[in-house]
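K.L.:
Provided herewith is a single structure, encoded as structure tokens, for subsequent inquiry.
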Amino acid sequence: MADYFSSSVEFGLNLSKRVYYGKGSAPSLVRSMSRSSEGFLPTAPMCYAVISDPEKVENPDIRSYQPYVHGQCEPPALIPLELHGVTMEVECSLDTAFVTVSEKWRVHCVTGSSTCDCQVAIPMGEQGSLLGLEVDDSGRTYHTELISLKDENDKDKVAKAKDGYFLKSHIYTVKIPQFRGGSVFSTKIRWSQKILFHDGQLSVCVPFSFPSYVNPAGKRISKKEKIFLKVNSGSATEVLCKTTSHPLKELLRQAGKLNLSYEAEVPVWSSTGFSFSYSVSSNDISGAVLLQSPFLRDFDEREIFCLYLYPGNGQGRKVFKKDVVFIVDISASMKGTPLDNTKNALLTSLSQLNAQDTFNIIAFNGALYLFSSSMESATEEAILNATKWVDTNFIANGDTNIMLPLTQAMKLLEKSTDSVPLIFLVTDGAVEDEREICNFVESYVSSGQSVPTPRICTFGIGKISSFRFYICSSENSLYCNHYFLQLLAQIGRGHYDCAHDLDSIEFRMQRLFSTASSVIVADVTIESLEGLDSHELFPSHIQDISSGSPLILSGRYSGTFPELVKVSGTLADMTNFAVDLKVKREKDIQLSNVLAKRHVDMVTAQAWLLKSEELEEKVTKMSIQNKVPSEYTCMSMVLVESEEGKKAPEQFLLQKAYSKLSFQRVELNKQKLFLGGLSVGFGDSKATAENLAPAIKEAKPPEGLLGKAASTCCGRLADTCCGMCLLQSCTFVNDQCTIVCTQLCAALACFELIKCCVELCECDCLQ
């Protein structure tokens with residue numbers, strides 16, 4: 001899908017050479033048409049003209065009288081539009097960043113008398129989640145809404161949704177219809193993404209690198225670039241800026257807060273992604289508890305709380321010894337790249353173990369294969385033997401059985417004493433007994449055994465459901481149930497991650513293992529919450545404190561919250577750890593927004609486990625209220641039209657306000673586009689049982705007449721011809737010559753001698 005999109009953009013850039021920019025002017029794409037490592041995929045929020053009819057490709061202001069082009073572009077060409085302004089706002093709260101990008105685009109490549117659809121491409125950062133999109137086109141406004149999948153009025157349309165889909169796991173695209181050539185429209189995109197933590201620093205990276213061909217050509221246009229950054233750590237310590245990609249100016253500095261900005265008139269738009277890193281605490285563990293009342297329209301009237309602990313930079317804190325069992329899926333569906341990348345990540349993780357650590361490896365399909373009958377010390381000799389064993393036994397075949405190796409791993413870790421027992425499960429499939437596995441682990445954890453219960457970390461290899469770019473059907477090319485893996489990790493007090501793209505398996509697996517294996521405080525407990533009338537805790541099983549990740553617990557409560565909350569645990573030297581956290585009311589951070597995504601995901605996993613319609617309804621309300629996509633809602637683009645230059649009708653504004661206050665859905669005469677692919681699904685156990693390949697090669701889209709010509713010698717010859725020069729040359733040809741040429745072409749066509757030309761030029765553009 002991504003390759004076809006990239007090819008369509010490349011074709012669109014070639015096609016846009018037809019656009020005449022005036023004497024002495026040249027488009028930016030002529031200066032830079034080289035393919036990057038990502039091809040022509042967007043590295044910043046972008047807009048493209050969707051061109052099916054190449055004849056309409058023309059400068060809307062200056063006619064160049066290009067020769068007529070026969071045929072249609074199938075698949076459609078994508079021509080990047082001209083960017084006329086961009087403003088980005090980044091708000092960092094705890095471990096979540098909210099990004100808002102506002103842009104102005106001009107349809108510079110379509111005649112003023114024609115229209116075209118426009119494709120908005122939205123690349124997002126780490127674990128990005130689209131929250132909203134607004135498009136304003138002179139009185140015609142689109143905005144996103146979330147609706148319940150149980151809505152009978154829209155159920156059929158939702159099932160056929162194809163106006164939005166993922167190109168890759170971090171790039172979402174939306175097609176908006178009917179923009180007139182020469183028009184200028186604005187877009188406002190909002191998404192959330194995770195702030196990464198490493199060596200005591202938090203960092204956020206936002207795709208903000210624009211290709212040179214979006215710079216306006218022709219007359220000079222003022223290009224103002226603006227970036228606003230707000231950091232609110234929730235702590236009372238100073239926020240220290242470490243690194244930044246753009247020259248930011250300080251606007252505000254207070255305890256736990258930092259506001260920065262960048263504003264400049266630039267010759268070309270930013271060619272560097274935005275990145276910013278900062279630290280919020282000292283070397284030691286620190287944190288607090290934040291309280292907040294629900295907002296006016298919240299369906300849950302209980303108070304909100306959020307407890308966070310930053311582990312510091314890890315200096316001076318000893319890390320627990322580890323007893324690790326790697327459980328790796330080697331079923332037939334893992335064949336090829338998934339298993340190769342998993343193997344590389346596993347061997348790298350083994351090399352990071354210390355000599356006092358122990359390990360074992362279980363490969364599984366329908367059966368299980370043990371590297372050793374007992375735990376092995378992580379010596380150089382043992383790791384070398386494990387490497388040879390992996391090379392010999394990691395052969396993809398058979399079906400998938402997760403319960404068998406998981407039970408075996410728990411038996412291997414029963415003798416762990418002064419170390420952290422860790423199970424690291426890697427799979428790409430879904431199995432029928434997933435609920436039984438969760439219940440089994442839950443009963444094992446809550447059995448009250450004297451031996452430490454193993455931490456279970458899960459890693460899923462699976463692609464989100466997405467609309468196939470050129471073929472109108474929905475596809476799950478990878479079949480993992482991510483909610484099962486999230487819930488299993490939550491019950492096992494471990495960590496979860498996934499790789500939606502096969503090329504990210506190795507990096508993400510190594511990062512997950514590094515976080516899970518750097519425990520500095522184990523068996524964490526939270527005291528002082530027993531006196532509350534009722535409280536809900538996310539996650540319900542508390543993780544250990546790792547030097548590679550902040551610990552964040554949150555939920556709802558009724559009653560009076562204590563003034564101090566005591567957090568206790570065990571340090572790596574087997575001494576006790578305890579810290580008293582201050583409780584304060586938070587006014588600046590909107591906790592419901594920061595916590596919404598994790599709450600939606602955790603309640604969704606519970607709804608799946610219990611098959612609870614009540615919890616499904618709760619997820620639907622949480623999703624619509626906080627504008628966070630879920631498994632039980634669908635995002636739609638709603639069109640509101642008004643006379644150009646006038647505000648929306650007062651009746652519409654009153655109805656909209658009433659619907660928000662009363663939670664009643666008000667049906668207006670609005671056009672909707674339904675966006676697909678924003679949910680990850682619950683896996684496909686049937687596809688796993690059939691051992692379908694984890695990465696199905698998509699059928700190549702039909703190549704149209706223009707697509708063929710663009711890559712042949714005839715196409716290359718046409719690219720070198722100027723339309724105006726051709727017309728001027730024709731004025732010097734007399735009538736007799738024109739008649740002779742016409743008759744000669746007709747004769748060749750009649751006798752099919754034109755095939756001779758095809759064979760001579762070795763192309764198929766005329767076939």
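The chains in the structure tokens are called A, B, ... from first to last as shown; in each chain the residues are counted from 1, and the ligands are counted from 1 in the order shown.
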Can you pull out every residue within 9 Å of Ile330 (chain A), counting only C-alpha atoms, but drop anything in the same chain fewer than 4 positions away, and send it as a ChimeraX atom specification?
P.N.:
/A:334-335,339,363-365,393-400,427
K.L.:
Near Ser6 (chain A), counting only C-alpha atoms, which residues have an atom at most 8 Å away, once you skip same-chain residues fewer than 2 positions from it, shown as a ChimeraX atom specification?
P.N.:
/A:2-4,8-10,39-41
K.L.:
Between A:Gln193, A:Asn439, A:Ser233, A:Gln254, which is the closest to Leu610 (chain A) once you count only C-alpha atoms?
P.N.:
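The shortest atom-to-atom distance to Leu610 (chain A) comes from A:Asn439.
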K.L.:
From the set A:Ala687, A:Leu252, A:Ile456, A:Val120, which residue has the shortest atom-to-atom contact distance to Glu103 (chain A), counting only C-alpha atoms?
P.N.:
A:Val120
K.L.:
Please indicate the distance in Å from CA of Lys257 (chain A) to CA of Glu303 (chain A), rounded to one decimal place.
P.N.:
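Atom-to-atom, CA of Lys257 (chain A) and CA of Glu303 (chain A) are spaced 24.0 Å apart.
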K.L.:
Between A:Ala578, A:Leu609, A:Val519, A:Ala332, which is the closest to Leu485 (chain A) once you count only C-alpha atoms?
P.N.:
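For Leu485 (chain A), the nearest of the given residues is A:Leu609.
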K.L.:
With distances taken over only C-alpha atoms, which residue among A:Glu527, A:Asp61, A:Glu432, A:Glu91 lies nearest Phe276 (chain A)?
P.N.:
A:Glu91
K.L.:
Taking the chain letters and numbering used in this document, name the residues of region 407-568 of chain A that DSSP puts in strand (DSSP E), as number ranges by chain.
P.N.:
A: 420-427, 455-461, 466-467, 474-475, 496-499, 519-526, 534-538, 545-546, 551-558, 564-568
K.L.:
Distance CA of Asp284 (chain A)-CA of Gln201 (chain A), one decimal place?
P.N.:
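A separation of 13.1 Å between them.
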K.L.:
Kindly give the distance, in Å, that separates CA of Ala596 (chain A) and CA of Lys162 (chain A), rounded to a single decimal.
P.N.:
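A separation of 26.2 Å between them.
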K.L.:
Point out the residue among A:Leu591, A:Val565, A:Val280, A:Ile505 with the least atom-to-atom distance to Asp340 (chain A), counting only C-alpha atoms.
P.N.:
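Checking each of A:Leu591, A:Val565, A:Val280, A:Ile505 against Asp340 (chain A), counting only C-alpha atoms, the winner is A:Ile505.
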K.L.:
Can you list, as a list in words, every protein, DNA or RNA residue that comes within 9 Å of Lys188 (chain A) when you count only C-alpha atoms, leaving out same-chain residues fewer than 4 positions away?
P.N.:
Thr100, Val101, Ser102, Glu103, Gly132, Leu133, Glu134, Val135 and Asp136 of chain A
K.L.:
Please determine, counting only C-alpha atoms, which residue among A:Phe274, A:Ala345, A:Tyr483, A:Leu130 has the shortest atom-to-atom distance to Cys438 (chain A).
P.N.:
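Counting only C-alpha atoms, the residue closest to Cys438 (chain A) is A:Tyr483.
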K.L.:
Could you find all residues in region 36-225 of chain A that DSSP calls alpha helix (DSSP H) from the backbone, and write them as an mmCIF file with N, CA, C and O atoms, in the first residue's frame?
P.N.:
data_model
loop_
_atom_site.group_PDB
_atom_site.id
_atom_site.type_symbol
_atom_site.label_atom_id
_atom_site.label_comp_id
_atom_site.auth_asym_id
_atom_site.auth_seq_id
_atom_site.Cartn_x
_atom_site.Cartn_y
_atom_site.Cartn_z
ATOM 1 N N LYS A 155 -24.985 2.028 10.047
ATOM 2 C CA LYS A 155 -24.277 0.747 10.138
ATOM 3 C C LYS A 155 -23.782 0.267 8.777
ATOM 4 O O LYS A 155 -22.634 -0.154 8.633
ATOM 5 N N ASP A 156 -24.626 0.352 7.749
ATOM 6 C CA ASP A 156 -24.234 -0.122 6.418
ATOM 7 C C ASP A 156 -23.118 0.735 5.836
ATOM 8 O O ASP A 156 -22.175 0.226 5.218
ATOM 9 N N LYS A 157 -23.199 2.046 6.030
ATOM 10 C CA LYS A 157 -22.184 2.948 5.495
ATOM 11 C C LYS A 157 -20.847 2.748 6.206
ATOM 12 O O LYS A 157 -19.793 2.811 5.587
ATOM 13 N N VAL A 158 -20.907 2.513 7.516
ATOM 14 C CA VAL A 158 -19.675 2.287 8.282
ATOM 15 C C VAL A 158 -18.963 1.038 7.789
ATOM 16 O O VAL A 158 -17.738 0.993 7.663
ATOM 17 N N ALA A 159 -19.742 -0.012 7.474
ATOM 18 C CA ALA A 159 -19.145 -1.268 7.014
ATOM 19 C C ALA A 159 -18.399 -1.092 5.701
ATOM 20 O O ALA A 159 -17.453 -1.833 5.410
#
K.L.:
Applying 7 Å and only C-alpha atoms, which residues near region 458-461 of chain A remain after dropping the ones on its own chain fewer than 3 positions away? List them as a list in words.
P.N.:
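The neighbour list is Phe424, Leu425, Val426, Thr427, Asp428, Cys480, His482, Leu485, Ala489, His495, Tyr496, Asp497, Cys498, Ala499 and His500 of chain A.
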K.L.:
Would you mind exporting the chosen residues as a tab-separated table (two decimals), in the first residue's frame, restricted to all heavy atoms?
P.N.:
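The file below, part_30.tsv, is the result:
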chain	number	residue	atom	x	y	z
A	424	PHE	N	8.96	-13.34	28.40
A	424	PHE	CA	8.91	-12.43	27.24
A	424	PHE	C	8.29	-13.19	26.07
A	424	PHE	O	8.93	-14.04	25.46
A	424	PHE	CB	10.33	-11.97	26.90
A	424	PHE	CG	10.38	-10.73	26.07
A	424	PHE	CD1	10.48	-9.48	26.65
A	424	PHE	CD2	10.32	-10.80	24.68
A	424	PHE	CE1	10.53	-8.33	25.88
A	424	PHE	CE2	10.37	-9.67	23.91
A	424	PHE	CZ	10.47	-8.42	24.50
A	425	LEU	N	7.01	-12.90	25.80
A	425	LEU	CA	6.25	-13.63	24.79
A	425	LEU	C	6.18	-12.84	23.49
A	425	LEU	O	5.81	-11.66	23.48
A	425	LEU	CB	4.83	-13.90	25.30
A	425	LEU	CG	3.81	-14.43	24.29
A	425	LEU	CD1	4.22	-15.83	23.80
A	425	LEU	CD2	2.41	-14.46	24.89
A	426	VAL	N	6.53	-13.49	22.37
A	426	VAL	CA	6.48	-12.88	21.04
A	426	VAL	C	5.60	-13.74	20.14
A	426	VAL	O	5.85	-14.94	20.00
A	426	VAL	CB	7.88	-12.75	20.42
A	426	VAL	CG1	7.80	-12.06	19.06
A	426	VAL	CG2	8.82	-12.00	21.35
A	427	THR	N	4.57	-13.13	19.54
A	427	THR	CA	3.69	-13.89	18.66
A	427	THR	C	3.07	-12.97	17.61
A	427	THR	O	3.01	-11.75	17.81
A	427	THR	CB	2.56	-14.59	19.46
A	427	THR	OG1	1.76	-15.36	18.57
A	427	THR	CG2	1.68	-13.57	20.15
A	428	ASP	N	2.62	-13.58	16.52
A	428	ASP	CA	1.93	-12.81	15.47
A	428	ASP	C	0.51	-13.30	15.28
A	428	ASP	O	-0.19	-12.88	14.36
A	428	ASP	CB	2.69	-12.92	14.14
A	428	ASP	CG	2.51	-14.28	13.48
A	428	ASP	OD1	2.35	-15.27	14.22
A	428	ASP	OD2	2.52	-14.35	12.25
A	480	CYS	N	-2.82	-10.70	14.81
A	480	CYS	CA	-2.60	-10.70	16.25
A	480	CYS	C	-3.74	-9.99	16.99
A	480	CYS	O	-4.26	-8.98	16.53
A	480	CYS	CB	-1.27	-9.97	16.49
A	480	CYS	SG	-0.70	-10.02	18.15
A	482	HIS	N	-4.27	-7.72	19.75
A	482	HIS	CA	-3.47	-6.83	20.59
A	482	HIS	C	-4.11	-6.63	21.97
A	482	HIS	O	-3.39	-6.40	22.95
A	482	HIS	CB	-3.27	-5.50	19.88
A	482	HIS	CG	-2.46	-5.61	18.63
A	482	HIS	ND1	-1.09	-5.72	18.64
A	482	HIS	CD2	-2.83	-5.67	17.33
A	482	HIS	CE1	-0.66	-5.82	17.39
A	482	HIS	NE2	-1.69	-5.79	16.58
A	485	LEU	N	-3.02	-9.42	24.23
A	485	LEU	CA	-1.63	-9.26	24.68
A	485	LEU	C	-1.50	-8.12	25.69
A	485	LEU	O	-0.72	-8.22	26.65
A	485	LEU	CB	-0.73	-9.01	23.47
A	485	LEU	CG	-0.62	-10.17	22.47
A	485	LEU	CD1	0.27	-9.80	21.30
A	485	LEU	CD2	-0.10	-11.43	23.16
A	489	ALA	N	-0.28	-8.80	29.58
A	489	ALA	CA	0.83	-8.06	30.18
A	489	ALA	C	0.37	-7.30	31.42
A	489	ALA	O	1.11	-7.20	32.42
A	489	ALA	CB	1.42	-7.09	29.16
A	495	HIS	N	5.04	-5.36	30.61
A	495	HIS	CA	4.90	-4.30	29.60
A	495	HIS	C	4.47	-4.92	28.28
A	495	HIS	O	4.69	-6.11	28.02
A	495	HIS	CB	6.22	-3.56	29.42
A	495	HIS	CG	6.71	-2.87	30.66
A	495	HIS	ND1	6.48	-1.53	30.91
A	495	HIS	CD2	7.40	-3.33	31.73
A	495	HIS	CE1	7.01	-1.20	32.07
A	495	HIS	NE2	7.58	-2.28	32.60
A	496	TYR	N	3.88	-4.09	27.45
A	496	TYR	CA	3.39	-4.54	26.14
A	496	TYR	C	3.85	-3.57	25.06
A	496	TYR	O	3.93	-2.36	25.27
A	496	TYR	CB	1.86	-4.61	26.14
A	496	TYR	CG	1.24	-4.51	24.76
A	496	TYR	CD1	1.16	-5.63	23.93
A	496	TYR	CD2	0.75	-3.29	24.28
A	496	TYR	CE1	0.61	-5.53	22.66
A	496	TYR	CE2	0.19	-3.19	23.02
A	496	TYR	CZ	0.12	-4.30	22.21
A	496	TYR	OH	-0.41	-4.20	20.96
A	497	ASP	N	4.16	-4.11	23.91
A	497	ASP	CA	4.43	-3.28	22.73
A	497	ASP	C	4.12	-4.13	21.49
A	497	ASP	O	3.87	-5.34	21.59
A	497	ASP	CB	5.87	-2.79	22.70
A	497	ASP	CG	6.05	-1.58	21.78
A	497	ASP	OD1	5.05	-1.13	21.17
A	497	ASP	OD2	7.18	-1.08	21.65
A	498	CYS	N	4.13	-3.50	20.34
A	498	CYS	CA	3.84	-4.22	19.11
A	498	CYS	C	4.57	-3.57	17.95
A	498	CYS	O	5.03	-2.43	18.04
A	498	CYS	CB	2.33	-4.22	18.83
A	498	CYS	SG	1.64	-2.57	18.60
A	499	ALA	N	4.69	-4.31	16.88
A	499	ALA	CA	5.27	-3.81	15.63
A	499	ALA	C	4.24	-3.99	14.53
A	499	ALA	O	3.96	-5.11	14.12
A	499	ALA	CB	6.56	-4.56	15.30
A	500	HIS	N	3.63	-2.89	14.09
A	500	HIS	CA	2.66	-2.96	13.01
A	500	HIS	C	3.36	-3.05	11.65
A	500	HIS	O	2.75	-3.47	10.68
A	500	HIS	CB	1.75	-1.74	13.04
A	500	HIS	CG	0.83	-1.71	14.22
A	500	HIS	ND1	-0.01	-2.75	14.54
A	500	HIS	CD2	0.61	-0.77	15.17
A	500	HIS	CE1	-0.70	-2.45	15.62
A	500	HIS	NE2	-0.35	-1.25	16.03
K.L.:
Find the residues near Leu537 (chain A): any atom within 10 Å, counting only C-alpha atoms, skip ones fewer than 4 places away on the same chain, and give them as a list of chain:residue names.
P.N.:
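Everything that qualifies: A:Phe305, A:Cys306, A:His541, A:Ile542, A:Leu553, A:Ser554, A:Gly555, A:Arg556, A:Tyr557, A:His599.
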K.L.:
So that I can check the surroundings of region 42-45 of chain A, please list as a PyMOL selection string every protein, DNA and RNA residue that reaches within 6 Å of it, counting only C-alpha atoms and ignoring chain neighbours fewer than 2 positions away.
P.N.:
chain A and resi 121-122+207-210
